[in-house]
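Asker: The structure under discussion is supplied below as structure tokens; questions concerning it will follow.
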Amino acid sequence: MEIDMSKITLRPFKLEDADDFLLFAGDDQFTENLRWKTLASKQEALDHIKDVCIPHPWRRSICIDDRSIGFVSIFPFSGDEDKHKANFGYGVAVKYWGHGIATKAAKLAVSRFFLDFPEVVRLEAYVDVENLGSQKVVEKAGFQKEGLLRKYAFIKGKSRDLVLYSFCPLIFLLLQAKVVIVKP
Amino acid sequence: MEATFVVQSHQNKAQDECPNLYLRPLDVADIDAFMVWATDEKVARFCTWEPYTNKEDGLNFIKNVVLPHPWFRAICVDDRPIGAISVTSNPGSDKCRGELGYVLASEYWGRGVATRAVKMVAGTIFDEWPHLERLEALVDVGNLGSQRVLEKAGSEREGVLRKYVILKGRTRDMVMFSLLSTDHRPT
């Protein structure tokens, strides 16, 4: 299938997305590396959109021709000590894998997020060590690999080794401008 | 459970340096010993707190933070607390992960005390908390002493996390270290 990348857009979720949401989030392969349970009914999809997507500080639907095929979430931490950081996550419907949609969505999301949350200086993405596809997505979106965190989290019944990536806008811009950063 | 409260070091190598190093719970009765390191700006440098200026704040810390803490021990030498070491736990499915922290009176720096204390904790915490798989520690990139402690104690240096914490108003890069329950346990 050929995808016209200009048709990939981000927008907030609507209850009307429930059927499309169930199509992608009802797939075990989609939720494999997420903490979510695979959705099993339209009601669960409606509940998830109403209770999680809509109140979320920054979650967007990834759309083709305004139809929802995935999500991008950026979740700022709460508390004075942590509000400079946010957690990045995403998912794209399995049938749309392999076209660069996630990379485009990630780039769009990152640039828009900082306009809404200028106090955040660090985005983090934790990617399963075996999830090479997602590692490539975040790398192409400008995240830098920081390290492999062994047995960091327990997800879907297994201890996971997670690769930690971060995006720090100031450092990203300086690198783009090819400014040499010298540590004092 | 009494036996697990007092953790003793059986290392012969540093026996002439600080013999009888052990860990035990910290209590309000230890306030004077606590104030020795808590008022020291060298000790507070890489900590989130400013040096303590009065005993009442110290007592409040012991009552409100230390006593209810899931795992907090005084590091004792010659039966006197000279520092503290703790492991915090995480809720829910993150309970596989705990964070190690410690503090040591500056008079005892450079003698391998902190390294021995970390090894003692690593040798006991995975038995006391069977759900724990990972003991991690975050160290300021500028804190070379503590980076050496964790390396000597057998931790894996996993990477530098940029702008990870805000310390005294400034964002700081932190080095992430970890010890796993499956790593060769230091004795």
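If you're wondering about the labels, chains in the structure tokens are A, B, ... by order shown, residues count from 1 in each chain, ligands from 1 in order shown.
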Based on only C-alpha atoms, which of the residues in chain A come within 6 Å of chain B? I want them as JSON, numbers by chain.
Answerer: {"A": [146, 147, 148, 153, 154]}
Asker: Write out as a PyMOL selection string all residues of segment 7-136 of chain A that backbone DSSP assigns to helix (DSSP H, G or I).
Answerer: chain A and resi 7+15-25+28-31+42-53+94-96+101-116+132-136
Asker: May I have the residues within 10 Å of Lys42 of chain A as a PyMOL selection string, using only C-alpha atoms and disregarding those fewer than 4 positions away in the same chain?
Answerer: chain A and resi 18-23+26+46-48
Asker: What would the file look like if the residues just selected were written as a compact mmCIF listing (two decimals), in the first residue's frame with N, CA and C atoms?
Answerer:
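Once written, again_9.txt looks like this:
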# COMPACT_ATOMS: atom_id res chain seq x y z
N ALA A 18 -14.04 5.88 18.19
CA ALA A 18 -14.07 4.61 18.92
C ALA A 18 -13.93 3.38 18.01
N ASP A 19 -14.64 3.37 16.89
CA ASP A 19 -14.54 2.18 16.02
C ASP A 19 -13.12 2.01 15.49
N ASP A 20 -12.54 3.12 15.01
CA ASP A 20 -11.17 3.06 14.49
C ASP A 20 -10.20 2.70 15.60
N PHE A 21 -10.46 3.22 16.79
CA PHE A 21 -9.60 2.95 17.94
C PHE A 21 -9.58 1.46 18.26
N LEU A 22 -10.77 0.86 18.25
CA LEU A 22 -10.87 -0.57 18.54
C LEU A 22 -10.13 -1.40 17.49
N LEU A 23 -10.17 -0.93 16.23
CA LEU A 23 -9.47 -1.65 15.17
C LEU A 23 -7.98 -1.79 15.47
N GLY A 26 -7.36 -3.16 19.47
CA GLY A 26 -7.90 -4.49 19.75
C GLY A 26 -6.94 -5.58 19.31
N LEU A 46 -14.62 3.31 23.76
CA LEU A 46 -15.25 4.57 24.17
C LEU A 46 -14.76 5.01 25.54
N ASP A 47 -14.70 4.04 26.48
CA ASP A 47 -14.23 4.36 27.83
C ASP A 47 -12.79 4.85 27.81
N HIS A 48 -11.97 4.19 27.02
CA HIS A 48 -10.56 4.57 26.96
C HIS A 48 -10.40 5.99 26.40
Asker: Name all residues at most 8 Å from Ile101 of chain A (count only C-alpha atoms; drop same-chain ones fewer than 6 positions away) and give them as a VMD selection string.
Answerer: chain A and resid 5 8 92
Asker: Where does DSSP see strand (DSSP E or B) in chain B, if you list the residues as a PyMOL selection string?
Answerer: chain B and resi 7-8+22-24+72-77+80-89+97-104+134-140+156-167+170-180
Asker: Which residue, A:Leu15, A:Ala141, A:Leu164, A:Ala45, has the smallest gap to Asn87 of chain A when you use only C-alpha atoms?
Answerer: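 The answer is A:Leu164, which sits nearest to Asn87 of chain A.
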Asker: At a cut-off of 8 Å, using only C-alpha atoms, what residues contact segment 121-129 of chain A? Leave out same-chain residues fewer than 5 positions from it and give the result as a ChimeraX atom specification.
Answerer: /A:33,84-89,134-135,138,148,160-170 /B:162-164
Asker: Please produce a file of those selected residues containing N, CA, C and O atoms, as a short mmCIF file (atom, residue, chain, number, x, y, z; two decimals), in the first residue's frame.
Answerer:
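Here's the written file selection-v4.cif:
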data_model
loop_
_atom_site.label_atom_id
_atom_site.label_comp_id
_atom_site.auth_asym_id
_atom_site.auth_seq_id
_atom_site.Cartn_x
_atom_site.Cartn_y
_atom_site.Cartn_z
N ASN A 33 4.02 -4.00 23.56
CA ASN A 33 5.02 -3.28 24.33
C ASN A 33 4.45 -2.13 25.14
O ASN A 33 5.18 -1.33 25.71
N HIS A 84 10.02 19.17 34.80
CA HIS A 84 10.85 19.54 33.65
C HIS A 84 11.01 18.35 32.70
O HIS A 84 11.67 18.47 31.67
N LYS A 85 10.40 17.19 33.05
CA LYS A 85 10.55 15.98 32.24
C LYS A 85 9.20 15.48 31.77
O LYS A 85 8.19 15.69 32.45
N ALA A 86 9.19 14.77 30.65
CA ALA A 86 7.94 14.18 30.16
C ALA A 86 8.26 12.86 29.47
O ALA A 86 9.35 12.67 28.95
N ASN A 87 7.26 11.97 29.50
CA ASN A 87 7.45 10.64 28.94
C ASN A 87 6.77 10.54 27.58
O ASN A 87 5.60 10.89 27.43
N PHE A 88 7.49 10.05 26.58
CA PHE A 88 7.00 9.95 25.20
C PHE A 88 6.62 8.52 24.87
O PHE A 88 7.37 7.59 25.15
N GLY A 89 5.42 8.33 24.28
CA GLY A 89 5.02 7.00 23.86
C GLY A 89 4.15 7.09 22.63
O GLY A 89 3.57 8.15 22.35
N SER A 134 10.87 0.47 16.94
CA SER A 134 10.64 1.69 17.72
C SER A 134 11.92 2.42 18.05
O SER A 134 11.93 3.65 18.16
N GLN A 135 13.02 1.68 18.20
CA GLN A 135 14.29 2.35 18.44
C GLN A 135 14.64 3.22 17.23
O GLN A 135 15.05 4.37 17.38
N VAL A 138 12.40 6.53 17.16
CA VAL A 138 12.77 7.63 18.05
C VAL A 138 14.12 8.21 17.65
O VAL A 138 14.35 9.41 17.77
N LEU A 148 21.22 1.33 28.26
CA LEU A 148 20.34 0.18 28.42
C LEU A 148 20.09 -0.02 29.91
O LEU A 148 21.02 -0.25 30.68
N ARG A 160 11.58 -6.32 31.81
CA ARG A 160 12.06 -5.83 30.52
C ARG A 160 13.35 -5.05 30.67
O ARG A 160 13.48 -4.22 31.57
N ASP A 161 14.28 -5.30 29.75
CA ASP A 161 15.43 -4.43 29.59
C ASP A 161 14.99 -3.32 28.65
O ASP A 161 14.51 -3.60 27.55
N LEU A 162 15.11 -2.08 29.08
CA LEU A 162 14.61 -0.97 28.27
C LEU A 162 15.76 -0.05 27.88
O LEU A 162 16.61 0.28 28.70
N VAL A 163 15.75 0.37 26.62
CA VAL A 163 16.73 1.36 26.17
C VAL A 163 16.13 2.72 26.45
O VAL A 163 14.98 2.99 26.09
N LEU A 164 16.89 3.56 27.12
CA LEU A 164 16.40 4.90 27.44
C LEU A 164 16.92 5.89 26.41
O LEU A 164 18.13 5.99 26.18
N TYR A 165 15.98 6.61 25.80
CA TYR A 165 16.31 7.68 24.85
C TYR A 165 15.82 8.99 25.44
O TYR A 165 14.81 9.03 26.14
N SER A 166 16.50 10.08 25.11
CA SER A 166 15.98 11.38 25.53
C SER A 166 16.09 12.40 24.40
O SER A 166 16.92 12.28 23.49
N PHE A 167 15.20 13.37 24.48
CA PHE A 167 15.22 14.51 23.56
C PHE A 167 15.24 15.75 24.42
O PHE A 167 14.31 15.99 25.18
N CYS A 168 16.34 16.49 24.34
CA CYS A 168 16.44 17.75 25.08
C CYS A 168 16.47 18.86 24.05
O CYS A 168 17.44 18.97 23.29
N PRO A 169 15.44 19.69 23.97
CA PRO A 169 15.33 20.64 22.87
C PRO A 169 16.53 21.56 22.71
O PRO A 169 16.98 21.80 21.59
N LEU A 170 17.09 22.04 23.81
CA LEU A 170 18.22 22.95 23.69
C LEU A 170 19.40 22.25 23.04
O LEU A 170 20.03 22.79 22.13
N ARG B 162 20.61 12.95 30.58
CA ARG B 162 20.81 14.40 30.49
C ARG B 162 19.64 15.16 31.10
O ARG B 162 18.47 14.83 30.87
N LYS B 163 19.98 16.19 31.86
CA LYS B 163 18.98 17.08 32.48
C LYS B 163 17.94 16.25 33.24
O LYS B 163 16.74 16.51 33.18
N TYR B 164 18.44 15.22 33.94
CA TYR B 164 17.53 14.28 34.57
C TYR B 164 16.89 14.84 35.84
O TYR B 164 15.72 14.57 36.10
#
Asker: Can you work out the spacing between atom CA of Asp4 of chain A and atom CA of Gly100 of chain A in Å, to one decimal?
Answerer: 10.8 Å
Asker: Could you pull the residues within 8 Å of Ala105 of chain B, counting only C-alpha atoms, minus those fewer than 4 positions along the same chain, as a compact mmCIF listing (two decimals) with all heavy atoms, in the first residue's frame?
Answerer:
# COMPACT_ATOMS: atom_id res chain seq x y z
N VAL B 36 26.07 15.72 62.61
CA VAL B 36 27.46 15.86 62.17
C VAL B 36 27.53 15.90 60.64
O VAL B 36 28.14 16.80 60.05
CB VAL B 36 28.35 14.73 62.74
CG1 VAL B 36 29.71 14.74 62.06
CG2 VAL B 36 28.50 14.87 64.25
N TRP B 37 26.86 14.93 59.97
CA TRP B 37 26.92 14.96 58.51
C TRP B 37 25.86 15.87 57.89
O TRP B 37 26.09 16.45 56.84
CB TRP B 37 26.87 13.55 57.90
CG TRP B 37 25.57 12.81 57.96
CD1 TRP B 37 24.47 13.01 57.17
CD2 TRP B 37 25.22 11.75 58.86
NE1 TRP B 37 23.49 12.13 57.50
CE2 TRP B 37 23.91 11.34 58.53
CE3 TRP B 37 25.89 11.08 59.88
CZ2 TRP B 37 23.25 10.31 59.21
CZ3 TRP B 37 25.24 10.04 60.54
CH2 TRP B 37 23.92 9.68 60.21
N ASP B 40 26.97 19.48 57.30
CA ASP B 40 28.22 19.62 56.53
C ASP B 40 27.92 19.96 55.07
O ASP B 40 27.32 19.16 54.36
CB ASP B 40 29.00 18.30 56.65
CG ASP B 40 30.38 18.37 56.02
OD1 ASP B 40 30.65 19.28 55.22
OD2 ASP B 40 31.21 17.49 56.36
N VAL B 43 29.02 17.47 52.44
CA VAL B 43 28.14 16.31 52.32
C VAL B 43 26.90 16.67 51.52
O VAL B 43 26.44 15.91 50.68
CB VAL B 43 27.75 15.79 53.72
CG1 VAL B 43 26.70 14.70 53.63
CG2 VAL B 43 28.99 15.28 54.46
N ILE B 82 27.83 7.12 61.34
CA ILE B 82 28.66 8.09 60.61
C ILE B 82 28.09 8.38 59.23
O ILE B 82 28.73 9.02 58.40
CB ILE B 82 30.12 7.59 60.48
CG1 ILE B 82 30.13 6.20 59.82
CG2 ILE B 82 30.80 7.54 61.84
CD1 ILE B 82 31.41 5.91 59.07
N GLY B 83 26.89 7.86 58.99
CA GLY B 83 26.24 8.09 57.70
C GLY B 83 24.99 7.24 57.64
O GLY B 83 24.59 6.62 58.63
N TRP B 109 35.30 9.91 54.45
CA TRP B 109 35.46 9.73 53.00
C TRP B 109 36.84 9.15 52.67
O TRP B 109 37.78 9.35 53.41
CB TRP B 109 35.31 11.09 52.28
CG TRP B 109 33.92 11.65 52.30
CD1 TRP B 109 32.82 11.16 52.95
CD2 TRP B 109 33.49 12.84 51.63
NE1 TRP B 109 31.74 11.97 52.73
CE2 TRP B 109 32.11 13.01 51.92
CE3 TRP B 109 34.13 13.79 50.82
CZ2 TRP B 109 31.37 14.08 51.42
CZ3 TRP B 109 33.38 14.84 50.33
CH2 TRP B 109 32.01 14.99 50.61
Asker: Show which residues sit within 9 Å of Arg67 of chain A, as a PyMOL selection string. Count only C-alpha atoms, and ignore same-chain residues fewer than 5 positions away.
Answerer: chain A and resi 17+20+61-62
Asker: May I have the selected residues written with all heavy atoms, as a compact mmCIF listing (two decimals), in the first residue's frame?
Answerer:
# COMPACT_ATOMS: atom_id res chain seq x y z
N ASP A 17 -14.01 8.44 17.30
CA ASP A 17 -12.89 7.61 16.86
C ASP A 17 -12.98 6.18 17.40
O ASP A 17 -12.13 5.35 17.11
CB ASP A 17 -11.55 8.21 17.34
CG ASP A 17 -11.21 9.54 16.68
OD1 ASP A 17 -11.50 9.70 15.47
OD2 ASP A 17 -10.66 10.42 17.38
N ASP A 20 -12.54 3.12 15.01
CA ASP A 20 -11.17 3.06 14.49
C ASP A 20 -10.20 2.70 15.60
O ASP A 20 -9.23 1.97 15.38
CB ASP A 20 -10.78 4.40 13.86
CG ASP A 20 -11.59 4.70 12.60
OD1 ASP A 20 -12.01 3.74 11.92
OD2 ASP A 20 -11.80 5.89 12.30
N SER A 61 -4.28 11.83 18.29
CA SER A 61 -4.57 10.75 17.37
C SER A 61 -3.69 10.95 16.14
O SER A 61 -3.56 12.07 15.62
CB SER A 61 -6.04 10.78 16.97
OG SER A 61 -6.26 9.94 15.86
N ILE A 62 -3.04 9.86 15.69
CA ILE A 62 -2.34 9.90 14.40
C ILE A 62 -3.40 9.56 13.36
O ILE A 62 -4.06 8.51 13.47
CB ILE A 62 -1.19 8.86 14.35
CG1 ILE A 62 -0.19 9.10 15.49
CG2 ILE A 62 -0.49 8.91 12.99
CD1 ILE A 62 0.87 8.00 15.63
Asker: Interatomic distance between atom CA of Val7 of chain B and atom CA of Ala117 of chain B?
Answerer: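 Atom-to-atom, atom CA of Val7 of chain B and atom CA of Ala117 of chain B are spaced 9.2 Å apart.
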Asker: Nearest residue to Glu151 of chain B out of B:Leu67, B:Leu21, B:Ile125, B:Ala114, using only C-alpha atoms?
Answerer: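 Result for the nearest residue to Glu151 of chain B: B:Ala114.
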Asker: Which one is closest to Glu2 of chain A: A:Lys158, A:Lys136, A:His99, A:Lys50? Count only C-alpha atoms.
Answerer: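 Under the stated criterion, the closest residue is A:His99.
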Asker: For a test of reading the model, state the distance in Å between atom CA of Lys119 of chain B and atom CA of Pro25 of chain B, rounded to one decimal.
Answerer: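 That distance, rounded to one decimal, is 17.2 Å.
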